[in-house]
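A.B. asks: mmCIF, C-alpha atoms, file data.cif:
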```cif
data_model
loop_
_atom_site.label_atom_id
_atom_site.label_comp_id
_atom_site.auth_asym_id
_atom_site.auth_seq_id
_atom_site.Cartn_x
_atom_site.Cartn_y
_atom_site.Cartn_z
CA MET G 10 -25.77 -8.87 -1.26
CA GLN G 11 -22.88 -6.51 -1.92
CA ALA G 12 -19.48 -5.70 -0.49
CA ARG G 13 -19.25 -2.71 1.84
CA ARG G 14 -16.93 -0.94 -0.58
CA MET G 15 -19.85 -0.57 -2.98
CA GLU G 16 -21.67 1.57 -0.43
CA VAL G 17 -19.08 4.34 -0.75
CA LEU G 18 -19.10 4.41 -4.55
CA GLU G 19 -21.52 6.11 -6.88
CA SER G 20 -21.77 6.55 -10.63
CA SER G 21 -19.60 9.33 -12.03
CA GLY G 22 -21.44 12.60 -12.60
CA ILE G 23 -19.70 12.77 -15.98
CA ARG G 24 -21.03 9.32 -16.91
CA ARG G 25 -24.57 10.41 -16.03
CA PHE G 26 -24.31 13.27 -18.49
CA PHE G 27 -22.97 10.87 -21.12
CA GLU G 28 -26.11 8.77 -20.64
CA LEU G 29 -28.30 11.88 -20.82
CA SER G 30 -26.90 12.78 -24.23
CA LYS G 31 -28.30 9.54 -25.68
CA LYS G 32 -31.84 10.67 -24.84
CA MET G 33 -31.56 14.10 -26.48
CA LYS G 34 -32.55 14.79 -30.08
CA ASN G 35 -29.79 17.20 -31.06
CA PRO G 36 -27.49 17.81 -28.08
CA ILE G 37 -24.51 20.14 -28.03
CA ASN G 38 -22.16 17.97 -26.02
CA LEU G 39 -19.45 19.94 -24.22
CA SER G 40 -19.16 17.40 -21.42
CA LEU G 41 -16.85 14.69 -22.76
CA GLY G 42 -13.17 14.53 -21.90
CA GLN G 43 -12.31 12.73 -25.10
CA ALA G 44 -10.25 14.14 -27.96
CA HIS G 45 -12.45 14.67 -31.01
CA PHE G 46 -9.89 13.99 -33.73
CA GLY G 47 -9.39 10.67 -35.51
CA VAL G 48 -6.58 8.25 -34.76
CA PRO G 49 -3.37 9.26 -36.61
CA ALA G 50 -2.79 7.00 -39.60
CA GLN G 51 0.61 5.74 -38.36
CA ALA G 52 -0.85 4.65 -35.03
CA ARG G 53 -3.89 3.04 -36.64
CA ASP G 54 -1.78 1.20 -39.22
CA ALA G 55 0.66 -0.02 -36.57
CA ALA G 56 -2.22 -1.46 -34.53
CA ILE G 57 -3.68 -3.18 -37.59
CA GLU G 58 -0.26 -4.58 -38.49
CA ALA G 59 0.18 -6.00 -34.99
CA ILE G 60 -3.27 -7.61 -35.09
CA LYS G 61 -2.64 -9.13 -38.52
CA LYS G 62 0.72 -10.51 -37.34
CA GLY G 63 -1.08 -12.32 -34.52
CA GLU G 64 0.08 -10.19 -31.59
CA ASN G 65 -3.27 -10.73 -29.90
CA GLY G 66 -2.44 -12.74 -26.80
CA TYR G 67 -1.06 -11.81 -23.41
CA SER G 68 2.18 -9.91 -23.06
CA MET G 69 4.45 -9.88 -20.08
CA THR G 70 2.63 -8.04 -17.29
CA ALA G 71 5.05 -5.09 -17.38
CA GLY G 72 4.71 -4.74 -21.15
CA ILE G 73 6.62 -5.61 -24.31
CA ASP G 74 10.30 -4.70 -24.49
CA GLY G 75 9.87 -2.47 -27.55
CA LEU G 76 7.37 -0.19 -25.79
CA LEU G 77 9.29 -0.06 -22.53
CA GLU G 78 12.51 0.86 -24.35
CA THR G 79 10.72 3.61 -26.29
CA VAL G 80 9.15 4.96 -23.11
CA ARG G 81 12.52 5.01 -21.33
CA ALA G 82 14.10 6.94 -24.19
CA SER G 83 11.29 9.50 -24.18
CA ILE G 84 11.53 10.05 -20.42
CA ARG G 85 15.32 10.43 -20.62
CA ALA G 86 14.78 13.13 -23.27
CA GLU G 87 13.00 15.11 -20.53
CA GLY G 88 16.11 14.93 -18.36
CA ILE G 89 14.69 12.20 -16.11
CA GLU G 90 16.30 8.80 -15.54
CA PRO G 91 13.42 6.38 -14.85
CA GLU G 92 14.20 3.68 -12.30
CA ALA G 93 11.39 1.42 -13.53
CA VAL G 94 8.67 1.61 -16.19
CA MET G 95 5.57 -0.40 -17.06
CA ALA G 96 2.75 -0.42 -19.59
CA ILE G 97 -0.67 0.21 -18.02
CA SER G 98 -4.29 -0.27 -19.07
CA GLY G 99 -4.97 3.40 -19.55
CA ALA G 100 -4.37 6.07 -16.92
CA GLU G 101 -7.17 4.64 -14.76
CA GLY G 102 -5.37 1.30 -14.62
CA GLY G 103 -2.20 3.01 -13.49
CA LEU G 104 -3.97 5.20 -10.96
CA LEU G 105 -5.81 2.23 -9.47
CA THR G 106 -2.74 0.00 -9.14
CA SER G 107 -0.60 2.84 -7.75
CA MET G 108 -3.25 3.71 -5.18
CA LEU G 109 -3.70 0.07 -4.14
CA ALA G 110 0.07 -0.32 -3.90
CA LEU G 111 0.53 2.73 -1.67
CA ALA G 112 -2.64 3.58 0.27
CA ASP G 113 -4.48 1.73 3.02
CA GLU G 114 -6.56 2.39 6.14
CA SER G 115 -3.53 3.67 8.05
CA ASN G 116 -2.96 6.77 5.96
CA GLN G 117 -4.54 9.80 4.39
CA VAL G 118 -4.50 10.86 0.74
CA LEU G 119 -4.47 14.53 -0.24
CA LEU G 120 -6.70 15.58 -3.14
CA THR G 121 -7.21 19.09 -4.42
CA ASP G 122 -10.76 20.44 -4.50
CA PRO G 123 -11.81 20.45 -7.31
CA CYS G 124 -10.17 17.37 -8.86
CA PHE G 125 -10.89 14.65 -11.40
CA ALA G 126 -14.08 12.81 -10.52
CA THR G 127 -12.61 9.32 -10.01
CA TYR G 128 -9.79 10.23 -7.61
CA GLY G 129 -11.93 10.04 -4.48
CA HIS G 130 -13.37 6.68 -5.50
CA LEU G 131 -9.89 5.25 -6.02
CA VAL G 132 -8.93 6.33 -2.50
CA LYS G 133 -12.09 4.71 -1.12
CA LEU G 134 -11.36 1.47 -2.97
CA ALA G 135 -7.96 1.43 -1.26
CA ASN G 136 -9.81 1.81 2.07
CA SER G 137 -7.87 4.98 2.74
CA LYS G 138 -8.94 8.41 3.96
CA ILE G 139 -9.47 11.48 1.80
CA HIS G 140 -8.35 14.94 2.81
CA LYS G 141 -9.29 17.76 0.44
CA ILE G 142 -7.26 20.90 -0.17
CA ASP G 143 -9.51 23.83 -1.11
CA THR G 144 -7.90 25.57 -4.12
CA TYR G 145 -10.68 28.05 -4.88
CA PRO G 146 -10.69 30.66 -6.36
CA ASP G 147 -7.46 30.29 -8.40
CA PHE G 148 -7.43 26.45 -8.42
CA ARG G 149 -3.70 26.21 -7.78
CA LEU G 150 -1.99 24.02 -5.23
CA THR G 151 0.73 25.98 -3.43
CA PRO G 152 3.37 24.97 -0.87
CA ARG G 153 1.46 26.98 1.75
CA ARG G 154 -1.81 25.16 1.04
CA LEU G 155 0.03 21.84 1.01
CA ARG G 156 1.67 22.43 4.40
CA LYS G 157 -1.60 23.61 5.91
CA ALA G 158 -3.45 20.48 4.76
CA CYS G 159 -0.97 17.93 6.13
CA THR G 160 -1.66 15.96 9.32
CA PRO G 161 0.37 13.18 10.97
CA GLU G 162 -1.74 10.69 8.96
CA THR G 163 -1.04 12.32 5.60
CA LYS G 164 1.18 10.08 3.47
CA ILE G 165 0.18 10.52 -0.19
CA LEU G 166 -0.48 13.43 -2.54
CA LEU G 167 -2.38 12.71 -5.75
CA PHE G 168 -1.23 15.52 -8.02
CA ASN G 169 -2.47 16.42 -11.50
CA SER G 170 -1.04 18.75 -14.15
CA PRO G 171 -2.44 19.86 -16.52
CA VAL G 172 -5.59 19.68 -14.45
CA ASN G 173 -8.97 18.19 -15.15
CA PRO G 174 -11.38 20.02 -14.62
CA THR G 175 -9.83 23.48 -14.22
CA GLY G 176 -7.37 23.72 -17.11
CA VAL G 177 -4.56 24.79 -14.74
CA ALA G 178 -1.04 23.79 -15.77
CA TYR G 179 1.86 24.18 -13.37
CA THR G 180 5.11 25.83 -14.39
CA ALA G 181 8.51 24.26 -13.75
CA LYS G 182 9.06 26.74 -10.91
CA GLU G 183 5.78 25.76 -9.26
CA ILE G 184 6.53 22.04 -9.65
CA GLU G 185 9.97 22.50 -8.12
CA ALA G 186 8.52 24.33 -5.10
CA LEU G 187 5.79 21.73 -4.60
CA ALA G 188 8.27 18.86 -4.93
CA LYS G 189 10.54 20.43 -2.33
CA THR G 190 7.60 20.90 0.05
CA ALA G 191 6.31 17.35 -0.52
CA LYS G 192 9.76 15.99 0.32
CA GLU G 193 9.94 18.09 3.50
CA LEU G 194 6.54 16.71 4.53
CA GLY G 195 7.49 13.13 3.72
CA LEU G 196 4.76 12.73 1.10
CA GLN G 197 4.67 10.06 -1.57
CA VAL G 198 3.42 11.69 -4.77
CA ILE G 199 1.34 10.08 -7.51
CA SER G 200 1.44 12.46 -10.47
CA ASP G 201 -1.32 12.17 -13.08
CA GLU G 202 0.16 13.63 -16.26
CA VAL G 203 -2.28 12.26 -18.82
CA TYR G 204 -2.61 15.72 -20.45
CA ASP G 205 1.16 16.29 -20.61
CA LYS G 206 1.10 17.16 -24.33
CA PHE G 207 -1.80 19.60 -23.91
CA CYS G 208 0.19 22.42 -22.36
CA TYR G 209 -0.41 25.64 -24.30
CA ASP G 210 1.72 28.45 -22.90
CA PHE G 211 4.88 26.67 -21.70
CA GLU G 212 6.46 23.22 -21.76
CA HIS G 213 5.06 20.57 -19.46
CA THR G 214 7.30 19.67 -16.53
CA SER G 215 6.96 16.29 -14.87
CA PHE G 216 6.82 16.09 -11.09
CA ALA G 217 9.53 13.44 -11.40
CA LYS G 218 11.92 16.11 -12.72
CA TYR G 219 12.26 17.37 -9.14
CA ASP G 220 11.09 14.31 -7.19
CA PRO G 221 12.54 10.99 -8.40
CA THR G 222 10.39 9.13 -5.84
CA ALA G 223 7.16 10.24 -7.56
CA VAL G 224 5.05 7.72 -9.46
CA VAL G 225 4.07 9.23 -12.81
CA ILE G 226 1.00 8.10 -14.74
CA ARG G 227 0.61 8.92 -18.45
CA ALA G 228 -1.58 7.63 -21.26
CA PHE G 229 -2.00 7.81 -25.01
CA SER G 230 -5.79 8.24 -24.83
CA LYS G 231 -5.85 12.03 -25.16
CA THR G 232 -2.74 12.64 -27.27
CA TRP G 233 -3.62 10.16 -30.01
CA GLY G 234 -7.40 10.21 -29.61
CA VAL G 235 -7.40 6.50 -28.71
CA ALA G 236 -9.31 6.47 -25.41
CA GLY G 237 -10.77 3.04 -26.21
CA TRP G 238 -7.36 1.42 -26.65
CA ARG G 239 -6.64 1.55 -22.89
CA ILE G 240 -2.91 1.99 -23.20
CA GLY G 241 -0.48 4.11 -21.20
CA TYR G 242 2.61 3.88 -19.05
CA ALA G 243 3.85 4.52 -15.54
CA PHE G 244 7.33 5.12 -14.16
CA GLY G 245 8.85 5.62 -10.77
CA PRO G 246 10.83 3.83 -8.04
CA GLU G 247 11.47 0.13 -8.65
CA SER G 248 9.94 -0.82 -5.28
CA ILE G 249 6.60 0.79 -6.17
CA ILE G 250 6.44 -0.12 -9.86
CA SER G 251 7.17 -3.78 -9.04
CA ASN G 252 4.18 -3.82 -6.69
CA MET G 253 2.01 -2.16 -9.36
CA ILE G 254 3.10 -4.86 -11.81
CA MET G 255 2.06 -7.53 -9.31
CA LEU G 256 -1.33 -5.89 -8.84
CA GLN G 257 -1.76 -5.58 -12.60
CA GLN G 258 -1.01 -9.30 -12.93
CA PHE G 259 -4.04 -10.10 -10.78
CA THR G 260 -6.39 -7.45 -12.21
CA PHE G 261 -5.79 -6.20 -15.76
CA ILE G 262 -3.25 -8.99 -16.56
CA CYS G 263 -1.50 -6.68 -19.05
CA ALA G 264 -2.17 -3.69 -21.25
CA PRO G 265 -3.79 -4.68 -24.60
CA LYS G 266 -0.94 -6.27 -26.56
CA PRO G 267 -1.69 -5.06 -30.13
CA PHE G 268 -1.86 -1.49 -28.90
CA GLN G 269 1.44 -1.86 -27.07
CA TYR G 270 3.02 -2.61 -30.44
CA ALA G 271 1.22 0.36 -31.96
CA ALA G 272 2.43 2.62 -29.17
CA ALA G 273 6.01 1.43 -29.53
CA LYS G 274 6.03 2.25 -33.24
CA ALA G 275 3.92 5.39 -33.19
CA PHE G 276 5.04 6.88 -29.85
CA ASN G 277 6.84 9.79 -31.48
CA ILE G 278 4.17 10.84 -33.97
CA ASP G 279 4.27 14.62 -34.21
CA MET G 280 0.95 15.86 -32.79
CA SER G 281 1.97 19.53 -32.62
CA ALA G 282 -0.53 20.59 -35.28
CA MET G 283 -3.37 19.10 -33.25
CA ILE G 284 -2.09 20.76 -30.07
CA ASP G 285 -2.02 24.08 -31.94
CA GLU G 286 -5.64 23.48 -32.96
CA TYR G 287 -6.60 22.87 -29.34
CA ARG G 288 -4.75 26.02 -28.29
CA ALA G 289 -6.98 27.92 -30.72
CA LYS G 290 -10.06 26.21 -29.26
CA ARG G 291 -8.89 27.28 -25.81
CA ASP G 292 -8.75 30.87 -27.01
CA MET G 293 -12.17 30.56 -28.64
CA VAL G 294 -13.74 29.38 -25.38
CA TYR G 295 -12.01 31.94 -23.18
CA ASP G 296 -12.68 34.89 -25.47
CA GLY G 297 -16.24 33.75 -26.13
CA LEU G 298 -17.28 33.20 -22.50
CA LYS G 299 -15.33 35.74 -20.43
CA ALA G 300 -17.97 38.47 -20.82
CA GLY G 301 -20.71 36.30 -19.33
CA PHE G 302 -18.85 34.02 -16.93
CA GLU G 303 -16.05 34.09 -14.42
CA LEU G 304 -13.26 31.87 -15.73
CA ARG G 305 -9.49 31.71 -15.85
CA ARG G 306 -7.71 31.22 -19.12
CA PRO G 307 -6.99 27.48 -19.40
CA GLU G 308 -3.28 26.73 -19.61
CA GLY G 309 -3.60 23.03 -20.35
CA ALA G 310 -5.87 19.99 -20.87
CA PHE G 311 -9.04 20.81 -22.82
CA TYR G 312 -11.37 22.24 -20.21
CA ALA G 313 -12.55 25.60 -18.94
CA PHE G 314 -14.00 25.88 -15.42
CA CYS G 315 -16.65 28.58 -15.44
CA ARG G 316 -18.89 30.34 -12.94
CA PRO G 317 -22.13 32.06 -14.01
CA LYS G 318 -22.11 35.75 -13.12
CA ASN G 319 -25.83 36.37 -13.00
CA ILE G 320 -27.47 33.17 -11.70
CA ASP G 321 -26.56 30.29 -9.42
CA CYS G 322 -24.93 27.29 -11.05
CA GLU G 323 -27.73 24.84 -10.24
CA THR G 324 -30.27 27.00 -12.06
CA PHE G 325 -27.84 27.43 -14.94
CA ILE G 326 -27.33 23.66 -15.31
CA LYS G 327 -31.11 23.17 -15.43
CA ARG G 328 -31.29 25.75 -18.24
CA CYS G 329 -28.52 23.91 -20.06
CA LEU G 330 -30.39 20.61 -19.90
CA LYS G 331 -33.61 22.25 -21.06
CA ASN G 332 -31.73 23.66 -24.07
CA GLU G 333 -29.94 20.34 -24.74
CA ILE G 334 -26.43 21.59 -24.08
CA LEU G 335 -24.31 19.35 -21.90
CA VAL G 336 -21.68 20.68 -19.51
CA VAL G 337 -20.59 19.08 -16.22
CA PRO G 338 -21.53 20.73 -12.90
CA GLY G 339 -18.70 21.47 -10.50
CA SER G 340 -20.25 19.15 -7.91
CA ALA G 341 -18.93 16.22 -9.99
CA PHE G 342 -15.39 17.32 -9.07
CA GLY G 343 -15.67 18.39 -5.45
CA ALA G 344 -17.71 19.79 -2.60
CA LYS G 345 -18.82 23.01 -4.28
CA ASN G 346 -21.34 23.58 -7.03
CA SER G 347 -20.42 27.12 -8.00
CA HIS G 348 -18.80 26.27 -11.35
CA PHE G 349 -19.27 24.03 -14.36
CA ARG G 350 -16.81 22.38 -16.74
CA VAL G 351 -16.80 23.04 -20.47
CA SER G 352 -14.87 20.61 -22.66
CA PHE G 353 -13.57 22.08 -25.90
CA ALA G 354 -12.67 18.65 -27.30
CA THR G 355 -15.07 18.98 -30.20
CA ASP G 356 -15.21 20.47 -33.69
CA ASP G 357 -15.15 24.25 -34.07
CA GLU G 358 -18.71 24.49 -35.40
CA THR G 359 -20.16 22.65 -32.38
CA LEU G 360 -17.95 24.66 -30.04
CA LYS G 361 -19.10 27.97 -31.54
CA ARG G 362 -22.77 26.95 -31.27
CA GLY G 363 -22.17 25.91 -27.67
CA ILE G 364 -20.47 29.16 -26.71
CA ASP G 365 -23.27 31.22 -28.24
CA LEU G 366 -25.94 29.19 -26.44
CA LEU G 367 -24.13 29.29 -23.08
CA MET G 368 -23.89 33.07 -23.33
CA LYS G 369 -27.59 33.31 -24.20
CA ILE G 370 -28.87 31.17 -21.31
CA GLY G 371 -26.35 32.54 -18.80
CA ILE G 372 -27.94 35.99 -18.75
#
```
Just dump the structure as structure tokens.

C.D. replies:
Amino acid sequence: MQARRMEVLESSGIRRFFELSKKMKNPINLSLGQAHFGVPAQARDAAIEAIKKGENGYSMTAGIDGLLETVRASIRAEGIEPEAVMAISGAEGGLLTSMLALADESNQVLLTDPCFATYGHLVKLANSKIHKIDTYPDFRLTPRRLRKACTPETKILLFNSPVNPTGVAYTAKEIEALAKTAKELGLQVISDEVYDKFCYDFEHTSFAKYDPTAVVIRAFSKTWGVAGWRIGYAFGPESIISNMIMLQQFTFICAPKPFQYAAAKAFNIDMSAMIDEYRAKRDMVYDGLKAGFELRRPEGAFYAFCRPKNIDCETFIKRCLKNEILVVPGSAFGAKNSHFRVSFATDDETLKRGIDLLMKIGI
């Protein structure tokens, strides 16, 4: 016996590749969306301190005051006055509660194609309808594409910048134009900004800068390399955040308390050196693969979305598996299977070996 909602869900294509890596003898894993660097000492020590002090129980559902105050100050530094904030159990926790708070069977949710693998499943869990916006070949959402995709049922846009899997990052001018269009169309925006610090060519701009009604989801998983801590934050209109807090009360209860204390103390750790290192990795991937693959220079996140020039992508993925190099096929992120995602969240030696092997088997 199972609930009907289980019939519309399937295991993530990314997770399947994670399981495959366990069976390989010496894989080159360029599939994981997880920062490769260790936890910064200040963050680690703050977490240990909180645990030793006994901060191991439940917190208030919305989060501890120290974290919420720190988050508010950080958002205000961006020129945004947050109406309400909350601590969340990682970006996925925030995305799930925001989707459940806003979407149901009466409306339609806009997703770009391609987009992060879990978005569609979250919409299905909310018993809502998915409408995809084809962004090939440049992978950018534009006001024109947004207007064209809207129907009378369309109520929500799930937006992402910087983008997983394409590496696109939207400029302030683009965000402003999209926010204006979304407002004209009466769309409620959920903005996934988990890669906000990984913006390589210009400063990240939040959707909330131009749309105060947007719900913004951010996490510490990527920036600090603490994916397993399941800690992040959301901000937006009081009416929506209060409903997300209620949903969190009956699902996640609260974000992990010791890591809330760690986040509050270590929120402003300077990670610019690590971002510079990832910018160099971005250049290494782009310069190393552009002769053999069609790809756009990633502007953010830590992914390149590539298309083989000489063979079809399905054949290429089979060659990758045979040679024990793991990348994620584009079909994990949308309807098409013309591209594959390379993650450069790994050490330089592994990345160099991976680039060389991809070029060799892509001929």

A.B. asks: Using all atoms listed in the file, which residues sit within 9 Å of Val198 in chain G once same-chain residues fewer than 4 positions away are excluded, as a list in words?

C.D. replies: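 After dropping sequence-adjacent residues, the list is Lys164, Ile165, Leu166, Leu167, Phe168, Ala188, Ala191, Phe216, Asp220, Thr222, Ala223, Val224 and Val225 of chain G.
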
A.B. asks: Evaluating the PyMOL selection byres ((chain G and resi 77) around 12) on the displayed file yields which residues, as JSON, numbers by chain?

C.D. replies: {"G": [69, 70, 71, 72, 73, 74, 75, 76, 78, 79, 80, 81, 82, 83, 84, 91, 92, 93, 94, 95, 96, 97, 241, 242, 243, 244, 269, 270, 272, 273, 274, 276]}

A.B. asks: How about saving the chosen residues, C-alpha atoms kept, as an mmCIF file, in the frame of the given file?

C.D. replies:
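Okay, this is what ended up in result35.cif:
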```
data_model
loop_
_atom_site.group_PDB
_atom_site.id
_atom_site.type_symbol
_atom_site.label_atom_id
_atom_site.label_comp_id
_atom_site.auth_asym_id
_atom_site.auth_seq_id
_atom_site.Cartn_x
_atom_site.Cartn_y
_atom_site.Cartn_z
ATOM 1 C CA MET G 69 4.450 -9.880 -20.080
ATOM 2 C CA THR G 70 2.630 -8.040 -17.290
ATOM 3 C CA ALA G 71 5.050 -5.090 -17.380
ATOM 4 C CA GLY G 72 4.710 -4.740 -21.150
ATOM 5 C CA ILE G 73 6.620 -5.610 -24.310
ATOM 6 C CA ASP G 74 10.300 -4.700 -24.490
ATOM 7 C CA GLY G 75 9.870 -2.470 -27.550
ATOM 8 C CA LEU G 76 7.370 -0.190 -25.790
ATOM 9 C CA GLU G 78 12.510 0.860 -24.350
ATOM 10 C CA THR G 79 10.720 3.610 -26.290
ATOM 11 C CA VAL G 80 9.150 4.960 -23.110
ATOM 12 C CA ARG G 81 12.520 5.010 -21.330
ATOM 13 C CA ALA G 82 14.100 6.940 -24.190
ATOM 14 C CA SER G 83 11.290 9.500 -24.180
ATOM 15 C CA ILE G 84 11.530 10.050 -20.420
ATOM 16 C CA PRO G 91 13.420 6.380 -14.850
ATOM 17 C CA GLU G 92 14.200 3.680 -12.300
ATOM 18 C CA ALA G 93 11.390 1.420 -13.530
ATOM 19 C CA VAL G 94 8.670 1.610 -16.190
ATOM 20 C CA MET G 95 5.570 -0.400 -17.060
ATOM 21 C CA ALA G 96 2.750 -0.420 -19.590
ATOM 22 C CA ILE G 97 -0.670 0.210 -18.020
ATOM 23 C CA GLY G 241 -0.480 4.110 -21.200
ATOM 24 C CA TYR G 242 2.610 3.880 -19.050
ATOM 25 C CA ALA G 243 3.850 4.520 -15.540
ATOM 26 C CA PHE G 244 7.330 5.120 -14.160
ATOM 27 C CA GLN G 269 1.440 -1.860 -27.070
ATOM 28 C CA TYR G 270 3.020 -2.610 -30.440
ATOM 29 C CA ALA G 272 2.430 2.620 -29.170
ATOM 30 C CA ALA G 273 6.010 1.430 -29.530
ATOM 31 C CA LYS G 274 6.030 2.250 -33.240
ATOM 32 C CA PHE G 276 5.040 6.880 -29.850
#
```

A.B. asks: Please determine, counting all atoms listed in the file, which residue among G:Thr190, G:Thr232, G:Ser137, G:Gln117 has the shortest atom-to-atom distance to Ala282 in chain G.

C.D. replies: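 Once distances to Ala282 in chain G are computed over all atoms listed in the file, the minimum belongs to G:Thr232.
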
A.B. asks: Got a sec to resolve the PyMOL selection byres ((chain G and resi 156) around 10) on this structure and send the residues as a list in words?

C.D. replies: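 Output of the PyMOL selection byres ((chain G and resi 156) around 10): Thr151, Pro152, Arg153, Arg154, Leu155, Lys157, Ala158, Cys159, Thr160, Leu187, Thr190, Ala191, Glu193 and Leu194 of chain G.
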
A.B. asks: Hey, can you check how far CA of Ala271 in chain G sits from CA of Tyr209 in chain G?

C.D. replies: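 Distance reported for this atom pair: 26.5 Å.
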
A.B. asks: Can you tell me how far CA of Ile254 in chain G sits from CA of Gly195 in chain G, in Å to one decimal?

C.D. replies: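 Interatomic distance here is 24.2 Å.
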
A.B. asks: Do a neighbour search on Ile334 in chain G at 6 Å with only C-alpha atoms, toss out local chain neighbours closer than 3 positions, and write the hits as a list in words.

C.D. replies: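 Listed by chain and then number, they are Pro36, Ile37, Asn38, Cys329 and Leu330 of chain G.
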
A.B. asks: Can you write out the residues you just picked, keeping C-alpha atoms, as a JSON list (two decimals), keeping the file's coordinate frame?

C.D. replies:
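Output below, filename part-v1.json:
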```
[["chain", "number", "residue", "atom", "x", "y", "z"],
["G", 36, "PRO", "CA", -27.49, 17.81, -28.08],
["G", 37, "ILE", "CA", -24.51, 20.14, -28.03],
["G", 38, "ASN", "CA", -22.16, 17.97, -26.02],
["G", 329, "CYS", "CA", -28.52, 23.91, -20.06],
["G", 330, "LEU", "CA", -30.39, 20.61, -19.90]]
```

A.B. asks: Would you kindly return, as a ChimeraX atom specification, each protein, DNA or RNA residue with an atom no farther than 8 Å from any atom of Phe302 in chain G, considering all atoms listed in the file and excluding same-chain residues fewer than 5 positions away?

C.D. replies: /G:315-318,371

A.B. asks: Which is closest to Pro338 in chain G among G:Pro123, G:Thr144, G:Tyr295, G:Leu131, if we use all atoms listed in the file?

C.D. replies: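 Of G:Pro123, G:Thr144, G:Tyr295, G:Leu131, the one nearest Pro338 in chain G, counting all atoms listed in the file, is G:Pro123.
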
A.B. asks: The PyMOL selection byres ((chain G and resi 284-294) around 12) on the file shown: which residues, as number ranges by chain?

C.D. replies: G: 39, 44-46, 176, 204-211, 231-234, 279-283, 295-302, 304-315, 350-365, 367-368

A.B. asks: Which distance in Å separates CA of Ile372 in chain G and CA of Glu303 in chain G, to one decimal?

C.D. replies: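 Here the two named atoms are 12.8 Å from each other.
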